[in-house]
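Below: one structure, written as structure tokens.
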Amino acid sequence: MKILVTGGAGFIGSAFVRLVMAETGWEVVNLDKLTYAGNLENLAEVESSGRYRFVQGDIADQAAVGALVAETKPDAIVHFAAESHVDRSIISPEPVIQTNLLGTFRLLEAARLNNVPRFVHVSTDEVYGSLPAPEEATEKFPLQPSSPYSASKAGSDMLALSYFVTFRMPVVVTRASNNYGPYQFPEKLIPLMIANALEDRPLPVYGDGMQIRDWLYVDDHCRGILAVLDKGRAGEIYNIGGNRSLPNLDVIHKLLALAGKPESLIQYVKDRPGHDRRYALSSEKILRETGWRPKVDFETGLARTIDWYRANAPWVARVRSGEYRNYYERNYANRV
Ligand code: NAD
Ligand code: TYD
């Protein structure tokens, strides 16, 4: 089995590549543009393997994607590459549309023209928008995205599914809840709060901090994607949830307690525009059809994640140098 992974130098993609390399005998080709979020350090443990190859390139580059898919003839494409952060999509939507919509289109076309037998499109629960309690989105829920990021993911989901309906291409879509774990870029809630807390810097809480997210440990997500790659039915959507809904403030209280840092670090700041209040999803379908369920409970996963950030301060320092500072300034300066 040979798979083409896109975005394999990012947070979830690199966890997936490490897992596949460790637990299967498959060949992996990793196509990644290496944007601010892509980091080859995340793949140090697999780079010398003869079964692994890295190719730097843009999924929106038609010629490059077409040539790579034709040359590698993968048995499956697992598509992670995306501009993945809501706040960045608000500050600067252009690359989000370019990569998430046009890039996904280019990949689908290359897969179609080369008869790739399997295509897993990795998406998010954010496409369902904000849900009132106690509702949980099933895969049949309407799409009501709020941000340029979630709208671009919803659009790419629809496009991917249209390739099944129109061309009978064997596409499967996964929609996961909020991931956390080692190697996550410190722009998202959990790694940002851990990185700041470990340096005794303020923790910027948007609005009242009572927004609810469902938390999924990254390795559980990757195992869910493997389950869908193996057993998912073509043309179907599979939710992948962590089964652990928490208000942001609860996450932050737990994190501060585990890190041994004071609550006084919490700083309430101006809310995110269009901020979704609550995400919640049902993972009943993936459990029923593949037997997958999340294994890592939140407290264990969070403690493991904090330990990783503590032990990998130089990684954090490197990813925070350069571009990160400009982003942090733009996103947070006018919030306080
Ligand atoms: P990330 O931002 O950490 O990594 C994205 C990767 O894609 C980076 O390596 C980047 O270099 C690469 N990339 C970006 N644009 C590219 C392009 N044009 N061509 C090639 N490579 C490009 O993202 P992540 O958090 O690992 O998310 C991966 C996928 O999972 C995304 O599709 C995202 O929508 C989805 N997802 C994420 C979460 C989450 O909580 N992080 C939850 C559900 C779904
Ligand atoms: P985030 O990690 O950006 O994921 P999502 O895509 O679900 O928005 O944010 C998770 C939650 O944390 C969301 O409700 C916004 C909130 N948040 C803060 O309060 N402060 C922050 O600095 C960040 C990055 C997020």
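By order in the structure tokens, chains are A, B, ...; within a chain, residues start at 1; ligands start at 1, following the order shown.
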Practice task
Please write out the residues within 9 Å of ligand 2 as JSON, numbers by chain, counting only C-alpha atoms and all ligand atoms.
Solution key: {"A": [84, 85, 86, 87, 124, 125, 126, 149, 150, 177, 178, 179, 180, 186, 187, 188, 189, 190, 191, 192, 193, 203, 204, 205, 206, 207, 208, 209, 210, 211, 212, 213, 214, 247, 248, 249, 268, 269, 271, 272, 275, 276, 277, 278, 279, 331, 332]}
Selection export as a compact mmCIF listing (two decimals), in the first residue's frame, atoms kept: N, CA and C atoms:
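Contents of out_21.txt, freshly written:
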```txt
# COMPACT_ATOMS: atom_id res chain seq x y z
N SER A 84 -5.72 26.30 8.54
CA SER A 84 -6.57 25.63 9.52
C SER A 84 -7.03 26.50 10.69
N HIS A 85 -6.69 27.79 10.68
CA HIS A 85 -6.99 28.57 11.89
C HIS A 85 -8.04 29.66 11.64
N VAL A 86 -9.09 29.64 12.45
CA VAL A 86 -10.21 30.58 12.30
C VAL A 86 -9.74 32.04 12.40
N ASP A 87 -8.93 32.36 13.42
CA ASP A 87 -8.53 33.77 13.59
C ASP A 87 -7.72 34.28 12.39
N THR A 124 -13.96 19.06 9.34
CA THR A 124 -14.13 19.53 10.72
C THR A 124 -15.60 19.65 11.11
N ASP A 125 -15.86 19.54 12.40
CA ASP A 125 -17.23 19.74 12.91
C ASP A 125 -17.67 21.20 12.78
N GLU A 126 -16.72 22.11 12.50
CA GLU A 126 -17.08 23.53 12.42
C GLU A 126 -18.02 23.82 11.25
N TYR A 149 -12.83 30.28 7.39
CA TYR A 149 -12.25 28.93 7.50
C TYR A 149 -13.31 27.85 7.38
N SER A 150 -14.35 27.93 8.22
CA SER A 150 -15.33 26.82 8.21
C SER A 150 -16.13 26.82 6.92
N SER A 177 -13.78 16.83 15.69
CA SER A 177 -13.91 17.95 16.63
C SER A 177 -12.52 18.52 16.92
N ASN A 178 -12.44 19.44 17.90
CA ASN A 178 -11.17 20.13 18.18
C ASN A 178 -10.09 19.16 18.65
N ASN A 179 -8.97 19.16 17.95
CA ASN A 179 -7.85 18.29 18.31
C ASN A 179 -6.89 19.01 19.26
N TYR A 180 -6.19 18.22 20.06
CA TYR A 180 -5.09 18.76 20.87
C TYR A 180 -4.06 17.66 21.03
N PRO A 186 1.29 26.83 18.29
CA PRO A 186 0.72 27.55 19.45
C PRO A 186 -0.10 28.79 19.08
N GLU A 187 -1.03 28.59 18.13
CA GLU A 187 -2.01 29.63 17.79
C GLU A 187 -3.40 29.18 18.22
N LYS A 188 -3.61 27.87 18.38
CA LYS A 188 -4.91 27.33 18.78
C LYS A 188 -4.99 27.33 20.31
N LEU A 189 -6.21 27.19 20.83
CA LEU A 189 -6.44 27.42 22.26
C LEU A 189 -5.45 26.67 23.17
N ILE A 190 -5.44 25.33 23.09
CA ILE A 190 -4.67 24.58 24.10
C ILE A 190 -3.16 24.82 24.02
N PRO A 191 -2.53 24.71 22.84
CA PRO A 191 -1.08 24.95 22.84
C PRO A 191 -0.71 26.40 23.14
N LEU A 192 -1.58 27.34 22.75
CA LEU A 192 -1.28 28.74 23.05
C LEU A 192 -1.32 28.98 24.56
N MET A 193 -2.34 28.41 25.20
CA MET A 193 -2.47 28.62 26.64
C MET A 193 -1.34 27.91 27.39
N LEU A 203 -3.05 34.65 29.63
CA LEU A 203 -3.83 33.73 28.79
C LEU A 203 -5.05 34.47 28.27
N PRO A 204 -5.06 34.84 26.98
CA PRO A 204 -6.13 35.68 26.43
C PRO A 204 -7.42 34.88 26.17
N VAL A 205 -8.44 35.12 27.00
CA VAL A 205 -9.73 34.40 26.87
C VAL A 205 -10.70 35.29 26.10
N TYR A 206 -11.19 34.78 24.97
CA TYR A 206 -12.12 35.57 24.15
C TYR A 206 -13.50 35.64 24.83
N GLY A 207 -14.04 36.85 24.93
CA GLY A 207 -15.41 37.00 25.46
C GLY A 207 -15.50 36.49 26.89
N ASP A 208 -16.59 35.73 27.16
CA ASP A 208 -16.79 35.24 28.54
C ASP A 208 -16.15 33.88 28.79
N GLY A 209 -15.54 33.28 27.76
CA GLY A 209 -14.85 32.01 27.95
C GLY A 209 -15.79 30.82 28.13
N MET A 210 -17.07 31.03 27.88
CA MET A 210 -18.03 29.93 28.07
C MET A 210 -18.39 29.22 26.76
N GLN A 211 -17.63 29.48 25.72
CA GLN A 211 -17.86 28.76 24.45
C GLN A 211 -17.48 27.28 24.67
N ILE A 212 -18.24 26.42 24.02
CA ILE A 212 -18.03 24.97 24.24
C ILE A 212 -17.43 24.30 23.01
N ARG A 213 -16.40 23.49 23.27
CA ARG A 213 -15.78 22.70 22.22
C ARG A 213 -15.70 21.24 22.70
N ASP A 214 -15.68 20.32 21.75
CA ASP A 214 -15.52 18.90 22.06
C ASP A 214 -14.06 18.54 21.77
N PRO A 247 -16.54 23.91 28.36
CA PRO A 247 -16.37 25.34 28.11
C PRO A 247 -14.88 25.68 28.15
N ASN A 248 -14.47 26.67 27.37
CA ASN A 248 -13.05 27.02 27.31
C ASN A 248 -12.45 27.28 28.69
N LEU A 249 -13.23 27.95 29.56
CA LEU A 249 -12.67 28.27 30.89
C LEU A 249 -12.36 27.01 31.69
N TYR A 268 -9.23 38.37 30.30
CA TYR A 268 -10.37 38.42 29.37
C TYR A 268 -10.10 39.47 28.30
N VAL A 269 -10.30 39.08 27.04
CA VAL A 269 -10.05 40.02 25.94
C VAL A 269 -11.27 40.06 25.02
N ASP A 271 -13.93 39.62 22.17
CA ASP A 271 -14.34 38.36 21.56
C ASP A 271 -13.94 38.29 20.08
N ARG A 272 -13.92 37.07 19.57
CA ARG A 272 -13.70 36.81 18.14
C ARG A 272 -14.97 37.19 17.38
N HIS A 275 -18.02 34.52 16.57
CA HIS A 275 -17.56 33.38 17.39
C HIS A 275 -18.66 32.35 17.60
N ASP A 276 -18.43 31.11 17.19
CA ASP A 276 -19.40 30.03 17.42
C ASP A 276 -19.44 29.68 18.90
N ARG A 277 -20.65 29.60 19.44
CA ARG A 277 -20.81 29.38 20.88
C ARG A 277 -20.57 27.91 21.27
N ARG A 278 -21.08 27.02 20.45
CA ARG A 278 -21.02 25.62 20.89
C ARG A 278 -20.92 24.67 19.68
N TYR A 279 -19.91 23.81 19.71
CA TYR A 279 -19.84 22.70 18.75
C TYR A 279 -20.14 21.41 19.50
N ASN A 331 -3.31 39.77 15.92
CA ASN A 331 -4.52 39.16 16.46
C ASN A 331 -4.85 39.65 17.86
N TYR A 332 -3.84 39.93 18.67
CA TYR A 332 -4.11 40.20 20.08
C TYR A 332 -3.95 41.67 20.49
```
Practice task
Grab me every residue within 6 Å of ligand 1, counting only C-alpha atoms and all ligand atoms, and send it over as a ChimeraX atom specification.
Solution key: /A:7-13,32-35,37-38,57-60,80-84,99,122-124,176-179
Let's have the selection written as a compact mmCIF listing (two decimals), in the first residue's frame, with N, CA, C and O atoms.
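Below is the file again.txt, written as the result:
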```txt
# COMPACT_ATOMS: atom_id res chain seq x y z
N GLY A 7 -0.27 17.87 3.54
CA GLY A 7 -0.24 18.57 4.83
C GLY A 7 0.38 17.73 5.94
O GLY A 7 0.09 17.93 7.12
N GLY A 8 1.25 16.80 5.57
CA GLY A 8 1.83 15.88 6.55
C GLY A 8 2.89 16.50 7.45
O GLY A 8 3.40 15.83 8.34
N ALA A 9 3.23 17.78 7.20
CA ALA A 9 4.20 18.43 8.09
C ALA A 9 3.49 19.28 9.15
O ALA A 9 4.13 19.94 9.97
N GLY A 10 2.17 19.29 9.13
CA GLY A 10 1.40 20.05 10.12
C GLY A 10 1.14 19.22 11.37
O GLY A 10 1.72 18.14 11.55
N PHE A 11 0.26 19.72 12.20
CA PHE A 11 0.00 19.08 13.50
C PHE A 11 -0.62 17.69 13.33
O PHE A 11 -0.03 16.66 13.73
N ILE A 12 -1.80 17.60 12.71
CA ILE A 12 -2.47 16.30 12.63
C ILE A 12 -1.83 15.42 11.56
O ILE A 12 -1.62 14.22 11.76
N GLY A 13 -1.48 16.03 10.43
CA GLY A 13 -0.86 15.26 9.35
C GLY A 13 0.42 14.58 9.80
O GLY A 13 0.66 13.42 9.47
N ASP A 32 3.67 18.74 1.03
CA ASP A 32 3.38 19.86 1.93
C ASP A 32 4.10 21.11 1.43
O ASP A 32 5.25 21.04 1.01
N LYS A 33 3.41 22.23 1.51
CA LYS A 33 3.97 23.50 1.04
C LYS A 33 4.96 24.08 2.04
O LYS A 33 5.75 24.95 1.70
N LEU A 34 4.89 23.63 3.28
CA LEU A 34 5.65 24.21 4.39
C LEU A 34 5.30 25.68 4.56
O LEU A 34 6.15 26.57 4.39
N THR A 35 4.05 25.95 4.87
CA THR A 35 3.63 27.29 5.27
C THR A 35 4.13 27.51 6.69
O THR A 35 4.84 26.66 7.25
N ALA A 37 2.76 26.86 9.23
CA ALA A 37 2.29 25.76 10.08
C ALA A 37 2.99 24.44 9.79
O ALA A 37 2.85 23.48 10.56
N GLY A 38 3.73 24.37 8.71
CA GLY A 38 4.40 23.13 8.33
C GLY A 38 5.81 23.11 8.90
O GLY A 38 6.53 24.10 8.82
N GLY A 57 5.55 21.20 -2.01
CA GLY A 57 4.75 21.70 -3.11
C GLY A 57 3.40 22.18 -2.63
O GLY A 57 2.97 21.88 -1.51
N ASP A 58 2.73 22.92 -3.51
CA ASP A 58 1.46 23.56 -3.18
C ASP A 58 0.32 22.73 -3.80
O ASP A 58 0.34 22.47 -5.01
N ILE A 59 -0.67 22.36 -3.00
CA ILE A 59 -1.78 21.56 -3.55
C ILE A 59 -2.59 22.35 -4.58
O ILE A 59 -3.34 21.76 -5.35
N ALA A 60 -2.44 23.68 -4.57
CA ALA A 60 -3.18 24.48 -5.56
C ALA A 60 -2.42 24.59 -6.89
O ALA A 60 -2.92 25.19 -7.84
N PHE A 80 -4.98 16.30 4.29
CA PHE A 80 -5.01 17.16 5.49
C PHE A 80 -4.71 18.62 5.16
O PHE A 80 -5.08 19.50 5.95
N ALA A 81 -3.96 18.88 4.08
CA ALA A 81 -3.42 20.23 3.86
C ALA A 81 -4.52 21.27 3.88
O ALA A 81 -5.53 21.14 3.18
N ALA A 82 -4.33 22.30 4.68
CA ALA A 82 -5.32 23.37 4.77
C ALA A 82 -4.73 24.55 5.51
O ALA A 82 -3.75 24.41 6.25
N GLU A 83 -5.32 25.70 5.30
CA GLU A 83 -5.14 26.82 6.23
C GLU A 83 -6.17 26.52 7.31
O GLU A 83 -7.37 26.46 7.03
N SER A 84 -5.72 26.30 8.54
CA SER A 84 -6.57 25.63 9.52
C SER A 84 -7.03 26.50 10.69
O SER A 84 -7.67 25.99 11.60
N THR A 99 -6.13 27.67 -0.72
CA THR A 99 -5.70 26.31 -0.37
C THR A 99 -6.89 25.38 -0.14
O THR A 99 -6.96 24.28 -0.70
N VAL A 122 -10.15 15.24 4.88
CA VAL A 122 -10.20 15.47 6.33
C VAL A 122 -10.85 16.82 6.61
O VAL A 122 -10.31 17.86 6.23
N SER A 123 -12.01 16.79 7.27
CA SER A 123 -12.70 18.05 7.55
C SER A 123 -13.03 18.18 9.04
O SER A 123 -12.42 17.50 9.87
N THR A 124 -13.96 19.06 9.34
CA THR A 124 -14.13 19.53 10.72
C THR A 124 -15.60 19.65 11.11
O THR A 124 -16.45 19.90 10.25
N ALA A 176 -13.92 15.99 12.17
CA ALA A 176 -13.47 15.80 13.54
C ALA A 176 -13.74 17.04 14.38
O ALA A 176 -13.89 18.15 13.87
N SER A 177 -13.78 16.83 15.69
CA SER A 177 -13.91 17.95 16.63
C SER A 177 -12.52 18.52 16.92
O SER A 177 -11.53 18.15 16.28
N ASN A 178 -12.44 19.44 17.90
CA ASN A 178 -11.17 20.13 18.18
C ASN A 178 -10.09 19.16 18.65
O ASN A 178 -10.28 18.47 19.65
N ASN A 179 -8.97 19.16 17.95
CA ASN A 179 -7.85 18.29 18.31
C ASN A 179 -6.89 19.01 19.26
O ASN A 179 -6.76 20.24 19.22
```
Practice task
Have a look at A:Phe119, A:Phe16, A:Tyr36, A:Phe54 and name the one nearest to Asp75 (chain A); count only C-alpha atoms.
Solution key: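 Of A:Phe119, A:Phe16, A:Tyr36, A:Phe54, the one nearest Asp75 (chain A), counting only C-alpha atoms, is A:Phe119.
Of all the residues in region 29-129 of chain A, the ones DSSP labels as strand (DSSP E) from the backbone are Val29, Asn30, Leu31, Asp32, Tyr52, Arg53, Phe54, Val55, Gln56, Ala76, Ile77, Val78, His79, Phe119, Val120, His121, Val122, Ser123 and Thr124 of chain A.
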Handout entry: Selected residue, from A:Ala317, A:Asp297, A:Asp250, A:Ser282, that lies nearest to Glu135 (chain A) when counting only C-alpha atoms
Key = A:Ser282
Practice task
Mind checking which residues fall within 9 Å of Leu159 (chain A), counting only C-alpha atoms, ignoring those fewer than 2 positions away in the same chain, and posting them as a PyMOL selection string?
Solution key: chain A and resi 101+104-105+108+154-157+161-163
Would you mind exporting N, CA and C atoms of the selected residues as a JSON list (two decimals), in the first residue's frame?
```json
[["chain", "number", "residue", "atom", "x", "y", "z"],
["A", 101, "LEU", "N", -10.17, 25.58, -0.84],
["A", 101, "LEU", "CA", -11.11, 25.34, -1.93],
["A", 101, "LEU", "C", -10.39, 24.95, -3.22],
["A", 104, "THR", "N", -8.08, 21.84, -2.81],
["A", 104, "THR", "CA", -8.84, 20.58, -2.74],
["A", 104, "THR", "C", -9.35, 20.19, -4.13],
["A", 105, "PHE", "N", -9.79, 21.18, -4.87],
["A", 105, "PHE", "CA", -10.25, 20.93, -6.25],
["A", 105, "PHE", "C", -9.12, 20.33, -7.11],
["A", 108, "LEU", "N", -8.57, 16.72, -6.12],
["A", 108, "LEU", "CA", -9.67, 15.86, -6.58],
["A", 108, "LEU", "C", -9.52, 15.58, -8.07],
["A", 154, "ALA", "N", -16.51, 23.69, 4.46],
["A", 154, "ALA", "CA", -17.83, 23.20, 4.02],
["A", 154, "ALA", "C", -17.87, 23.11, 2.50],
["A", 155, "GLY", "N", -17.33, 24.15, 1.84],
["A", 155, "GLY", "CA", -17.30, 24.14, 0.37],
["A", 155, "GLY", "C", -16.48, 22.97, -0.16],
["A", 156, "SER", "N", -15.32, 22.74, 0.46],
["A", 156, "SER", "CA", -14.47, 21.65, -0.04],
["A", 156, "SER", "C", -15.10, 20.29, 0.25],
["A", 157, "ASP", "N", -15.84, 20.17, 1.35],
["A", 157, "ASP", "CA", -16.55, 18.91, 1.63],
["A", 157, "ASP", "C", -17.56, 18.62, 0.51],
["A", 161, "LEU", "N", -17.62, 15.51, -2.14],
["A", 161, "LEU", "CA", -18.76, 14.58, -2.24],
["A", 161, "LEU", "C", -19.37, 14.59, -3.64],
["A", 162, "SER", "N", -19.28, 15.75, -4.31],
["A", 162, "SER", "CA", -19.82, 15.82, -5.68],
["A", 162, "SER", "C", -19.01, 14.92, -6.62],
["A", 163, "TYR", "N", -17.72, 14.71, -6.30],
["A", 163, "TYR", "CA", -16.91, 13.82, -7.14],
["A", 163, "TYR", "C", -17.33, 12.37, -6.99]]
```
Handout entry: 12 Å contact set for Trp315 (chain A), only C-alpha atoms, chain neighbours under 3 positions out, as a VMD selection string
Key = chain A and resid 39 to 42 182 to 186 195 308 to 312 318 to 321
Would you mind exporting the chosen residues as a compact mmCIF listing (two decimals), in the first residue's frame, restricted to N, CA and C atoms?
```
# COMPACT_ATOMS: atom_id res chain seq x y z
N ASN A 39 6.20 21.99 9.49
CA ASN A 39 7.48 21.94 10.18
C ASN A 39 8.06 20.53 10.05
N LEU A 40 9.18 20.43 9.33
CA LEU A 40 9.76 19.10 9.12
C LEU A 40 10.35 18.51 10.39
N GLU A 41 10.57 19.34 11.40
CA GLU A 41 11.02 18.79 12.70
C GLU A 41 10.02 17.79 13.24
N ASN A 42 8.74 17.98 12.90
CA ASN A 42 7.69 17.08 13.40
C ASN A 42 7.85 15.66 12.85
N PRO A 182 0.66 16.89 21.28
CA PRO A 182 2.00 17.39 20.96
C PRO A 182 2.09 17.94 19.53
N TYR A 183 3.03 18.84 19.32
CA TYR A 183 3.35 19.42 18.00
C TYR A 183 2.26 20.34 17.45
N GLN A 184 1.29 20.75 18.24
CA GLN A 184 0.27 21.67 17.69
C GLN A 184 0.81 23.09 17.72
N PHE A 185 0.64 23.78 16.62
CA PHE A 185 1.15 25.15 16.50
C PHE A 185 0.49 26.03 17.56
N PRO A 186 1.29 26.83 18.29
CA PRO A 186 0.72 27.55 19.45
C PRO A 186 -0.10 28.79 19.08
N ALA A 195 1.72 27.19 26.20
CA ALA A 195 2.99 27.89 25.93
C ALA A 195 3.06 29.18 26.75
N TRP A 308 4.76 17.38 27.14
CA TRP A 308 5.47 17.48 25.86
C TRP A 308 5.95 18.93 25.64
N TYR A 309 5.08 19.90 25.89
CA TYR A 309 5.48 21.31 25.66
C TYR A 309 6.59 21.72 26.64
N ARG A 310 6.52 21.20 27.86
CA ARG A 310 7.57 21.49 28.84
C ARG A 310 8.91 20.93 28.37
N ALA A 311 8.86 19.72 27.83
CA ALA A 311 10.10 19.04 27.41
C ALA A 311 10.61 19.56 26.06
N ASN A 312 9.77 20.30 25.35
CA ASN A 312 10.16 20.73 24.00
C ASN A 312 10.14 22.25 23.85
N ARG A 318 11.37 27.95 18.52
CA ARG A 318 11.64 28.06 17.08
C ARG A 318 10.36 28.40 16.30
N VAL A 319 9.24 27.72 16.61
CA VAL A 319 8.04 28.03 15.82
C VAL A 319 7.47 29.40 16.17
N ARG A 320 7.83 29.91 17.35
CA ARG A 320 7.32 31.23 17.72
C ARG A 320 8.20 32.37 17.20
N SER A 321 9.35 32.06 16.66
CA SER A 321 10.20 33.15 16.16
C SER A 321 9.66 33.57 14.79
```
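Remark: for Arg88 (chain A), the closest of the candidate residues A:Ser147, A:Thr290, A:Gln267, A:Ser245 is A:Ser147 (distances computed over only C-alpha atoms).
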Problem - Test item, alpha helix (DSSP H) assignment across region 84-302 of chain A, answer as a PyMOL selection string - result: chain A and resi 86-91+94-96+104-113+148-167+189-198+218-231+248-259+284-290+298-302
Can I get the selection written as a compact mmCIF listing (two decimals), in the first residue's frame, with C-alpha atoms?
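Full text of selection.txt as output:
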```txt
# COMPACT_ATOMS: atom_id res chain seq x y z
CA VAL A 86 -10.21 30.58 12.30
CA ASP A 87 -8.53 33.77 13.59
CA ARG A 88 -6.10 33.84 10.67
CA SER A 89 -9.01 33.28 8.26
CA ILE A 90 -10.62 36.42 9.70
CA ILE A 91 -7.47 38.52 9.40
CA GLU A 94 -7.28 34.83 0.74
CA PRO A 95 -4.89 31.90 1.39
CA VAL A 96 -7.74 30.03 3.09
CA THR A 104 -8.84 20.58 -2.74
CA PHE A 105 -10.25 20.93 -6.25
CA ARG A 106 -6.79 20.42 -7.81
CA LEU A 107 -6.24 17.27 -5.75
CA LEU A 108 -9.67 15.86 -6.58
CA GLU A 109 -9.01 16.44 -10.27
CA ALA A 110 -5.59 14.76 -10.11
CA ALA A 111 -7.14 11.81 -8.25
CA ARG A 112 -9.93 11.53 -10.81
CA LEU A 113 -7.63 11.71 -13.84
CA PRO A 148 -14.12 32.02 6.23
CA TYR A 149 -12.25 28.93 7.50
CA SER A 150 -15.33 26.82 8.21
CA ALA A 151 -17.07 28.05 5.05
CA SER A 152 -14.06 27.00 2.98
CA LYS A 153 -14.08 23.57 4.64
CA ALA A 154 -17.83 23.20 4.02
CA GLY A 155 -17.30 24.14 0.37
CA SER A 156 -14.47 21.65 -0.04
CA ASP A 157 -16.55 18.91 1.63
CA MET A 158 -19.36 19.50 -0.87
CA LEU A 159 -16.95 19.50 -3.78
CA ALA A 160 -15.35 16.25 -2.61
CA LEU A 161 -18.76 14.58 -2.24
CA SER A 162 -19.82 15.82 -5.68
CA TYR A 163 -16.91 13.82 -7.14
CA PHE A 164 -18.49 10.70 -5.73
CA VAL A 165 -21.97 11.51 -7.02
CA THR A 166 -20.86 12.71 -10.45
CA PHE A 167 -17.73 10.69 -11.22
CA LEU A 189 -6.44 27.42 22.26
CA ILE A 190 -4.67 24.58 24.10
CA PRO A 191 -1.08 24.95 22.84
CA LEU A 192 -1.28 28.74 23.05
CA MET A 193 -2.47 28.62 26.64
CA ILE A 194 0.14 25.99 27.61
CA ALA A 195 2.99 27.89 25.93
CA ASN A 196 1.95 31.17 27.56
CA ALA A 197 1.34 29.62 31.00
CA LEU A 198 4.74 27.90 31.03
CA VAL A 218 -4.78 13.87 18.05
CA ASP A 219 -3.78 10.18 18.00
CA ASP A 220 -7.41 9.17 18.50
CA HIS A 221 -8.30 11.32 15.49
CA CYS A 222 -5.57 9.66 13.38
CA ARG A 223 -6.83 6.20 14.34
CA GLY A 224 -10.33 7.32 13.34
CA ILE A 225 -9.02 8.36 9.92
CA LEU A 226 -7.29 4.98 9.54
CA ALA A 227 -10.56 3.25 10.44
CA VAL A 228 -12.42 5.26 7.79
CA LEU A 229 -9.66 4.67 5.22
CA ASP A 230 -10.08 0.96 5.85
CA LYS A 231 -13.82 0.55 6.37
CA ASN A 248 -13.05 27.02 27.31
CA LEU A 249 -12.67 28.27 30.89
CA ASP A 250 -12.88 24.71 32.23
CA VAL A 251 -10.10 23.70 29.85
CA ILE A 252 -8.00 26.63 31.05
CA HIS A 253 -8.61 25.90 34.76
CA LYS A 254 -7.56 22.28 34.27
CA LEU A 255 -4.52 23.32 32.29
CA LEU A 256 -3.37 25.84 34.91
CA ALA A 257 -3.83 23.29 37.70
CA LEU A 258 -1.83 20.64 35.81
CA ALA A 259 0.92 23.14 34.93
CA GLU A 284 -22.35 7.08 16.56
CA LYS A 285 -21.90 6.28 12.85
CA ILE A 286 -18.14 5.69 12.90
CA LEU A 287 -18.52 3.55 16.02
CA ARG A 288 -21.28 1.48 14.43
CA GLU A 289 -19.54 1.00 11.08
CA THR A 290 -15.87 0.70 12.07
CA PHE A 298 -9.09 14.49 28.38
CA GLU A 299 -7.19 14.78 31.67
CA THR A 300 -4.63 12.15 30.57
CA GLY A 301 -4.24 13.73 27.13
CA LEU A 302 -3.90 17.23 28.55
```
Handout entry: Pick from A:Ala22, A:Ala280, A:Ala333, A:Val120, whichever lies nearest to Ile77 (chain A) using only C-alpha atoms
Key =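 Among the listed residues, A:Val120 lies closest to Ile77 (chain A).
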Handout entry: Residue contacts of Lys140 (chain A) (12 Å, only C-alpha atoms) excluding same-chain residues fewer than 4 positions away, as an NGL selection string
Key = :A and (127-128 or 136 or 175 or 236-239 or 281-282 or 285)
Problem - Residue nearest Ser49 (chain A) among A:Leu131, A:Val17, A:Ala67, A:Ala234 (counting only C-alpha atoms) - result: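 Closest to Ser49 (chain A) of all the choices is A:Val17.
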Practice task
Rank A:Leu19, A:Glu199, A:Glu27, A:Val5 by their smallest atom-to-atom distance to Gln56 (chain A), using only C-alpha atoms, and report the top residue only.
Solution key: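 Using only C-alpha atoms, Gln56 (chain A) sits closest to A:Val5.
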Problem - Residue contacts of Pro117 (chain A) (8 Å, only C-alpha atoms) excluding same-chain residues fewer than 6 positions away, as a list of chain:residue names - result: A:Asp75, A:Ala76, A:Met169, A:Pro170
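CA of Val20 (chain A) lies 18.2 Å from CA of Lys73 (chain A).
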